[in-house]
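Student: I'm passing along model.pdb; it holds PDB, C-alpha atoms, pLDDT in the B column.
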```
ATOM      1  CA  MET A   1      92.817  17.896 199.726  1.00 44.00           C
ATOM      2  CA  GLU A   2      89.650  15.860 200.250  1.00 42.00           C
ATOM      3  CA  ILE A   3      86.203  17.032 199.231  1.00 41.00           C
ATOM      4  CA  ASP A   4      83.065  15.489 200.633  1.00 43.00           C
ATOM      5  CA  CYS A   5      80.607  14.724 197.877  1.00 41.00           C
ATOM      6  CA  PRO A   6      77.168  13.213 198.191  1.00 40.00           C
ATOM      7  CA  PRO A   7      76.872   9.717 196.736  1.00 41.00           C
ATOM      8  CA  GLU A   8      75.833   9.576 193.121  1.00 40.00           C
ATOM      9  CA  GLU A   9      72.098   9.377 192.644  1.00 38.00           C
ATOM     10  CA  SER A  10      70.768   6.714 190.337  1.00 35.00           C
ATOM     11  CA  ILE A  11      70.018   8.113 186.930  1.00 36.00           C
ATOM     12  CA  THR A  12      66.842   6.971 185.245  1.00 38.00           C
ATOM     13  CA  SER A  13      66.671   7.316 181.530  1.00 35.00           C
ATOM     14  CA  THR A  14      63.496   7.757 179.570  1.00 37.00           C
ATOM     15  CA  PHE A  15      64.459   6.955 176.002  1.00 33.00           C
ATOM     16  CA  ASP A  16      62.382   8.708 173.398  1.00 41.00           C
ATOM     17  CA  GLU A  17      62.924   7.511 169.836  1.00 41.00           C
ATOM     18  CA  ASP A  18      61.837  10.913 168.480  1.00 44.00           C
ATOM     19  CA  SER A  19      64.680  12.684 170.284  1.00 41.00           C
ATOM     20  CA  VAL A  20      67.610  10.720 168.902  1.00 41.00           C
ATOM     21  CA  ASP A  21      70.710  12.865 168.442  1.00 46.00           C
ATOM     22  CA  LEU A  22      71.331  13.046 164.718  1.00 43.00           C
ATOM     23  CA  GLY A  23      74.622  14.907 165.042  1.00 51.00           C
ATOM     24  CA  ASP A  24      74.866  17.508 162.302  1.00 52.00           C
ATOM     25  CA  VAL A  25      71.740  16.234 160.524  1.00 53.00           C
ATOM     26  CA  LYS A  26      68.679  18.393 161.102  1.00 74.00           C
ATOM     27  CA  ASP A  27      65.372  16.764 161.995  1.00 91.00           C
ATOM     28  CA  MET A  28      62.989  18.418 159.554  1.00 94.00           C
ATOM     29  CA  ARG A  29      59.999  17.824 161.851  1.00 93.00           C
ATOM     30  CA  LEU A  30      61.610  20.025 164.481  1.00 94.00           C
ATOM     31  CA  GLU A  31      62.716  22.543 161.858  1.00 95.00           C
ATOM     32  CA  ALA A  32      59.146  22.719 160.535  1.00 96.00           C
ATOM     33  CA  ASP A  33      57.804  23.528 164.004  1.00 96.00           C
ATOM     34  CA  ALA A  34      60.382  26.299 164.339  1.00 96.00           C
ATOM     35  CA  VAL A  35      59.486  27.720 160.908  1.00 96.00           C
ATOM     36  CA  VAL A  36      55.795  27.835 161.812  1.00 97.00           C
ATOM     37  CA  ASN A  37      56.432  29.523 165.156  1.00 96.00           C
ATOM     38  CA  ASP A  38      58.723  32.071 163.548  1.00 94.00           C
ATOM     39  CA  VAL A  39      56.304  33.519 160.974  1.00 95.00           C
ATOM     40  CA  LEU A  40      52.836  32.610 162.247  1.00 94.00           C
ATOM     41  CA  PHE A  41      52.229  36.277 163.155  1.00 92.00           C
ATOM     42  CA  ALA A  42      52.441  37.322 159.499  1.00 94.00           C
ATOM     43  CA  VAL A  43      50.119  34.784 157.835  1.00 96.00           C
ATOM     44  CA  ASN A  44      46.466  33.809 158.259  1.00 97.00           C
ATOM     45  CA  GLU A  45      47.208  30.185 159.126  1.00 97.00           C
ATOM     46  CA  MET A  46      50.242  27.945 159.243  1.00 98.00           C
ATOM     47  CA  HIS A  47      50.804  24.450 160.635  1.00 97.00           C
ATOM     48  CA  VAL A  48      52.831  21.310 160.077  1.00 97.00           C
ATOM     49  CA  SER A  49      50.763  18.859 158.042  1.00 97.00           C
ATOM     50  CA  GLN A  50      49.245  16.046 160.065  1.00 95.00           C
ATOM     51  CA  SER A  51      48.108  14.172 156.919  1.00 96.00           C
ATOM     52  CA  LEU A  52      51.385  14.029 155.006  1.00 96.00           C
ATOM     53  CA  THR A  53      54.150  11.910 156.472  1.00 92.00           C
ATOM     54  CA  SER A  54      57.084  13.907 157.789  1.00 89.00           C
ATOM     55  CA  ALA A  55      60.437  12.338 158.563  1.00 90.00           C
ATOM     56  CA  SER A  56      63.888  13.357 159.670  1.00 92.00           C
ATOM     57  CA  ASP A  57      64.706  14.464 156.100  1.00 95.00           C
ATOM     58  CA  VAL A  58      61.401  16.030 154.956  1.00 97.00           C
ATOM     59  CA  ALA A  59      58.425  17.837 156.475  1.00 97.00           C
ATOM     60  CA  TYR A  60      55.339  19.456 155.009  1.00 98.00           C
ATOM     61  CA  ILE A  61      53.886  22.777 156.122  1.00 98.00           C
ATOM     62  CA  ASN A  62      50.476  24.168 155.206  1.00 98.00           C
ATOM     63  CA  VAL A  63      50.245  27.939 154.956  1.00 98.00           C
ATOM     64  CA  GLU A  64      47.491  30.392 154.121  1.00 98.00           C
ATOM     65  CA  THR A  65      48.787  33.828 153.228  1.00 97.00           C
ATOM     66  CA  ARG A  66      47.152  37.110 154.217  1.00 96.00           C
ATOM     67  CA  GLU A  67      45.686  37.193 150.719  1.00 97.00           C
ATOM     68  CA  GLY A  68      43.875  33.892 151.371  1.00 98.00           C
ATOM     69  CA  ASN A  69      46.057  31.761 149.087  1.00 98.00           C
ATOM     70  CA  ARG A  70      46.802  28.268 150.389  1.00 98.00           C
ATOM     71  CA  TYR A  71      50.030  26.379 149.814  1.00 98.00           C
ATOM     72  CA  CYS A  72      51.643  23.151 150.866  1.00 98.00           C
ATOM     73  CA  LEU A  73      55.368  23.629 151.439  1.00 98.00           C
ATOM     74  CA  GLU A  74      58.068  20.992 151.475  1.00 98.00           C
ATOM     75  CA  LEU A  75      60.980  21.500 153.883  1.00 98.00           C
ATOM     76  CA  THR A  76      64.222  19.611 153.231  1.00 96.00           C
ATOM     77  CA  GLU A  77      67.940  20.248 153.612  1.00 96.00           C
ATOM     78  CA  ALA A  78      67.741  22.026 150.231  1.00 96.00           C
ATOM     79  CA  GLY A  79      65.293  24.569 151.679  1.00 97.00           C
ATOM     80  CA  LEU A  80      61.579  25.264 151.277  1.00 98.00           C
ATOM     81  CA  ARG A  81      59.485  25.060 148.144  1.00 98.00           C
ATOM     82  CA  VAL A  82      55.840  25.034 147.124  1.00 98.00           C
ATOM     83  CA  VAL A  83      54.645  21.500 146.303  1.00 98.00           C
ATOM     84  CA  GLY A  84      50.902  22.168 146.205  1.00 98.00           C
ATOM     85  CA  TYR A  85      48.309  24.901 145.951  1.00 98.00           C
ATOM     86  CA  ALA A  86      46.041  23.510 148.687  1.00 98.00           C
ATOM     87  CA  PHE A  87      46.611  22.172 152.196  1.00 98.00           C
ATOM     88  CA  ASP A  88      48.105  18.660 152.277  1.00 98.00           C
ATOM     89  CA  GLU A  89      48.550  18.576 148.488  1.00 97.00           C
ATOM     90  CA  VAL A  90      51.754  17.317 146.892  1.00 97.00           C
ATOM     91  CA  ASN A  91      51.906  17.668 143.128  1.00 97.00           C
ATOM     92  CA  GLU A  92      54.931  15.683 141.952  1.00 93.00           C
ATOM     93  CA  GLU A  93      54.828  17.503 138.597  1.00 96.00           C
ATOM     94  CA  LEU A  94      55.481  20.914 140.155  1.00 95.00           C
ATOM     95  CA  ASN A  95      59.058  22.010 139.713  1.00 94.00           C
ATOM     96  CA  THR A  96      59.201  25.075 141.947  1.00 97.00           C
ATOM     97  CA  GLN A  97      62.261  26.912 143.170  1.00 96.00           C
ATOM     98  CA  TYR A  98      63.799  26.135 146.574  1.00 98.00           C
ATOM     99  CA  HIS A  99      64.238  29.026 148.984  1.00 98.00           C
ATOM    100  CA  GLU A 100      66.862  29.025 151.712  1.00 97.00           C
ATOM    101  CA  THR A 101      64.514  30.643 154.222  1.00 96.00           C
ATOM    102  CA  VAL A 102      60.809  30.840 154.919  1.00 96.00           C
ATOM    103  CA  TYR A 103      61.188  34.635 154.836  1.00 95.00           C
ATOM    104  CA  SER A 104      62.395  34.552 151.235  1.00 96.00           C
ATOM    105  CA  LEU A 105      59.621  32.196 150.160  1.00 97.00           C
ATOM    106  CA  LEU A 106      56.819  34.151 151.837  1.00 96.00           C
ATOM    107  CA  ASP A 107      58.259  37.431 150.615  1.00 94.00           C
ATOM    108  CA  LYS A 108      57.826  36.123 147.062  1.00 95.00           C
ATOM    109  CA  LEU A 109      54.350  34.652 147.638  1.00 96.00           C
ATOM    110  CA  SER A 110      52.666  37.291 149.783  1.00 96.00           C
ATOM    111  CA  PRO A 111      52.735  41.091 149.757  1.00 94.00           C
ATOM    112  CA  GLY A 112      50.671  40.898 152.968  1.00 94.00           C
ATOM    113  CA  TYR A 113      53.449  38.909 154.637  1.00 94.00           C
ATOM    114  CA  ARG A 114      55.990  41.501 153.524  1.00 91.00           C
ATOM    115  CA  GLU A 115      53.868  44.298 155.005  1.00 92.00           C
ATOM    116  CA  ALA A 116      53.233  42.444 158.300  1.00 92.00           C
ATOM    117  CA  PHE A 117      56.921  41.583 158.641  1.00 88.00           C
ATOM    118  CA  GLY A 118      57.935  45.201 157.953  1.00 89.00           C
ATOM    119  CA  ASN A 119      55.406  46.525 160.479  1.00 90.00           C
ATOM    120  CA  ALA A 120      56.601  44.069 163.134  1.00 88.00           C
ATOM    121  CA  LEU A 121      60.179  45.152 162.504  1.00 88.00           C
ATOM    122  CA  LEU A 122      59.259  48.841 162.821  1.00 89.00           C
ATOM    123  CA  GLN A 123      57.394  48.193 166.082  1.00 90.00           C
ATOM    124  CA  ARG A 124      60.360  46.337 167.512  1.00 88.00           C
ATOM    125  CA  LEU A 125      62.755  49.109 166.532  1.00 90.00           C
ATOM    126  CA  GLU A 126      60.397  51.639 168.105  1.00 90.00           C
ATOM    127  CA  ARG A 127      60.382  49.652 171.388  1.00 89.00           C
ATOM    128  CA  LEU A 128      64.170  49.458 171.341  1.00 89.00           C
ATOM    129  CA  LYS A 129      64.368  53.187 170.761  1.00 86.00           C
ATOM    130  CA  GLN A 130      62.006  53.871 173.686  1.00 88.00           C
ATOM    131  CA  ASN A 131      63.917  51.550 175.996  1.00 87.00           C
ATOM    132  CA  GLY A 132      67.200  53.158 175.020  1.00 80.00           C
ATOM    133  CA  GLN A 133      66.131  56.702 176.050  1.00 63.00           C
TER     134      GLN A 133
END
```
Please rewrite the model in this file as structure tokens.

Tutor:
Amino acid sequence: MEIDCPPEESITSTFDEDSVDLGDVKDMRLEADAVVNDVLFAVNEMHVSQSLTSASDVAYINVETREGNRYCLELTEAGLRVVGYAFDEVNEELNTQYHETVYSLLDKLSPGYREAFGNALLQRLERLKQNGQ
């Protein structure tokens, strides 16, 4: 059985060095963007540091909690940890605990985050309940 197919169109490739497939290795710059977008609603301010150099294996995130405390967070394969107590500050002498998730870290640092996260969860459950009736 023959099938008529249109001729193949030429494929143009626009190579972008920042989008190289790393296989199973996570690009921490992309992970950092996802972390920020995930919890931005529950903090005063949060952004990936533009001053500190991020790479495929490490990224730095600045966060200001609802209480007004500022932190610089390091994101690696090991997790997230506080590396400074001001934006864009890395104190090599700090030996803080790694957290597997941003939720765990912010839960420890900020009662205001915990409250905002809980309220957002309740609102979402309420919407689900209303949509289900």

Student: Within 12 Å of Thr101 of chain A, counting all atoms listed in the file, which residues show up once you throw out same-chain ones fewer than 2 positions away? Write them as an mmCIF file with C-alpha atoms, in the frame of the given file, please.

Tutor:
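Just written: out10.cif:
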```cif
data_model
loop_
_atom_site.group_PDB
_atom_site.id
_atom_site.type_symbol
_atom_site.label_atom_id
_atom_site.label_comp_id
_atom_site.auth_asym_id
_atom_site.auth_seq_id
_atom_site.Cartn_x
_atom_site.Cartn_y
_atom_site.Cartn_z
ATOM 1 C CA GLU A 31 62.716 22.543 161.858
ATOM 2 C CA ALA A 32 59.146 22.719 160.535
ATOM 3 C CA ALA A 34 60.382 26.299 164.339
ATOM 4 C CA VAL A 35 59.486 27.720 160.908
ATOM 5 C CA VAL A 36 55.795 27.835 161.812
ATOM 6 C CA ASP A 38 58.723 32.071 163.548
ATOM 7 C CA VAL A 39 56.304 33.519 160.974
ATOM 8 C CA LEU A 73 55.368 23.629 151.439
ATOM 9 C CA GLU A 74 58.068 20.992 151.475
ATOM 10 C CA LEU A 75 60.980 21.500 153.883
ATOM 11 C CA THR A 76 64.222 19.611 153.231
ATOM 12 C CA GLU A 77 67.940 20.248 153.612
ATOM 13 C CA ALA A 78 67.741 22.026 150.231
ATOM 14 C CA GLY A 79 65.293 24.569 151.679
ATOM 15 C CA LEU A 80 61.579 25.264 151.277
ATOM 16 C CA ARG A 81 59.485 25.060 148.144
ATOM 17 C CA GLN A 97 62.261 26.912 143.170
ATOM 18 C CA TYR A 98 63.799 26.135 146.574
ATOM 19 C CA HIS A 99 64.238 29.026 148.984
ATOM 20 C CA TYR A 103 61.188 34.635 154.836
ATOM 21 C CA SER A 104 62.395 34.552 151.235
ATOM 22 C CA LEU A 105 59.621 32.196 150.160
ATOM 23 C CA LEU A 106 56.819 34.151 151.837
ATOM 24 C CA ASP A 107 58.259 37.431 150.615
ATOM 25 C CA LYS A 108 57.826 36.123 147.062
#
```

Student: Would you list the contacts of Pro111 of chain A as a short mmCIF file (atom, residue, chain, number, x, y, z; two decimals) with C-alpha atoms, in the frame of the given file, taking every protein, DNA or RNA residue within 12 Å and counting only C-alpha atoms, but skipping same-chain residues closer than 6 positions in sequence?

Tutor:
```cif
data_model
loop_
_atom_site.label_atom_id
_atom_site.label_comp_id
_atom_site.auth_asym_id
_atom_site.auth_seq_id
_atom_site.Cartn_x
_atom_site.Cartn_y
_atom_site.Cartn_z
CA ALA A 42 52.44 37.32 159.50
CA VAL A 43 50.12 34.78 157.84
CA THR A 65 48.79 33.83 153.23
CA ARG A 66 47.15 37.11 154.22
CA GLU A 67 45.69 37.19 150.72
CA GLY A 68 43.88 33.89 151.37
CA ASN A 69 46.06 31.76 149.09
CA TYR A 103 61.19 34.64 154.84
CA SER A 104 62.40 34.55 151.24
CA LEU A 105 59.62 32.20 150.16
CA PHE A 117 56.92 41.58 158.64
CA GLY A 118 57.94 45.20 157.95
#
```

Student: I would like the residues chosen by the PyMOL selection byres ((chain A and resi 63) around 6) on the shown file; could you give them as a list in words?

Tutor: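 Applied to this file, the PyMOL selection byres ((chain A and resi 63) around 6) selects Glu45, Met46, Asn62, Glu64, Arg70 and Tyr71 of chain A.
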
Student: Any idea what the distance is between atom CA of Asn119 of chain A and atom CA of Asp33 of chain A?

Tutor: 23.4 Å

Student: Using atom CA of Arg29 of chain A and atom CA of Leu94 of chain A as the two end points, give the distance in Å to one decimal.

Tutor: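 We find that atom CA of Arg29 of chain A and atom CA of Leu94 of chain A lie 22.4 Å from each other.
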
Student: Give me the residues near Glu92 of chain A as a list of chain:residue names, where near means some atom within 9 Å (using only C-alpha atoms) and where sequence neighbours in that chain fewer than 3 positions away do not count.

Tutor: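 The contact residues come out as A:Val83, A:Gly84, A:Asn95.
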
Student: Could you pull the residues within 12 Å of Leu121 of chain A, counting all atoms listed in the file, minus those fewer than 6 positions along the same chain, as number ranges by chain?

Tutor: A: 41-42, 114-115, 127-128

Student: Can you translate the PyMOL selection byres ((chain A and resi 27) around 9) into the concrete residues it hits in this file, as a PyMOL selection string?

Tutor: chain A and resi 22+25-26+28-32+55-59

Student: What's the separation between atom CA of Ser51 of chain A and atom CA of Val82 of chain A, in Å to one decimal place?

Tutor: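 That distance, rounded to one decimal, is 16.5 Å.
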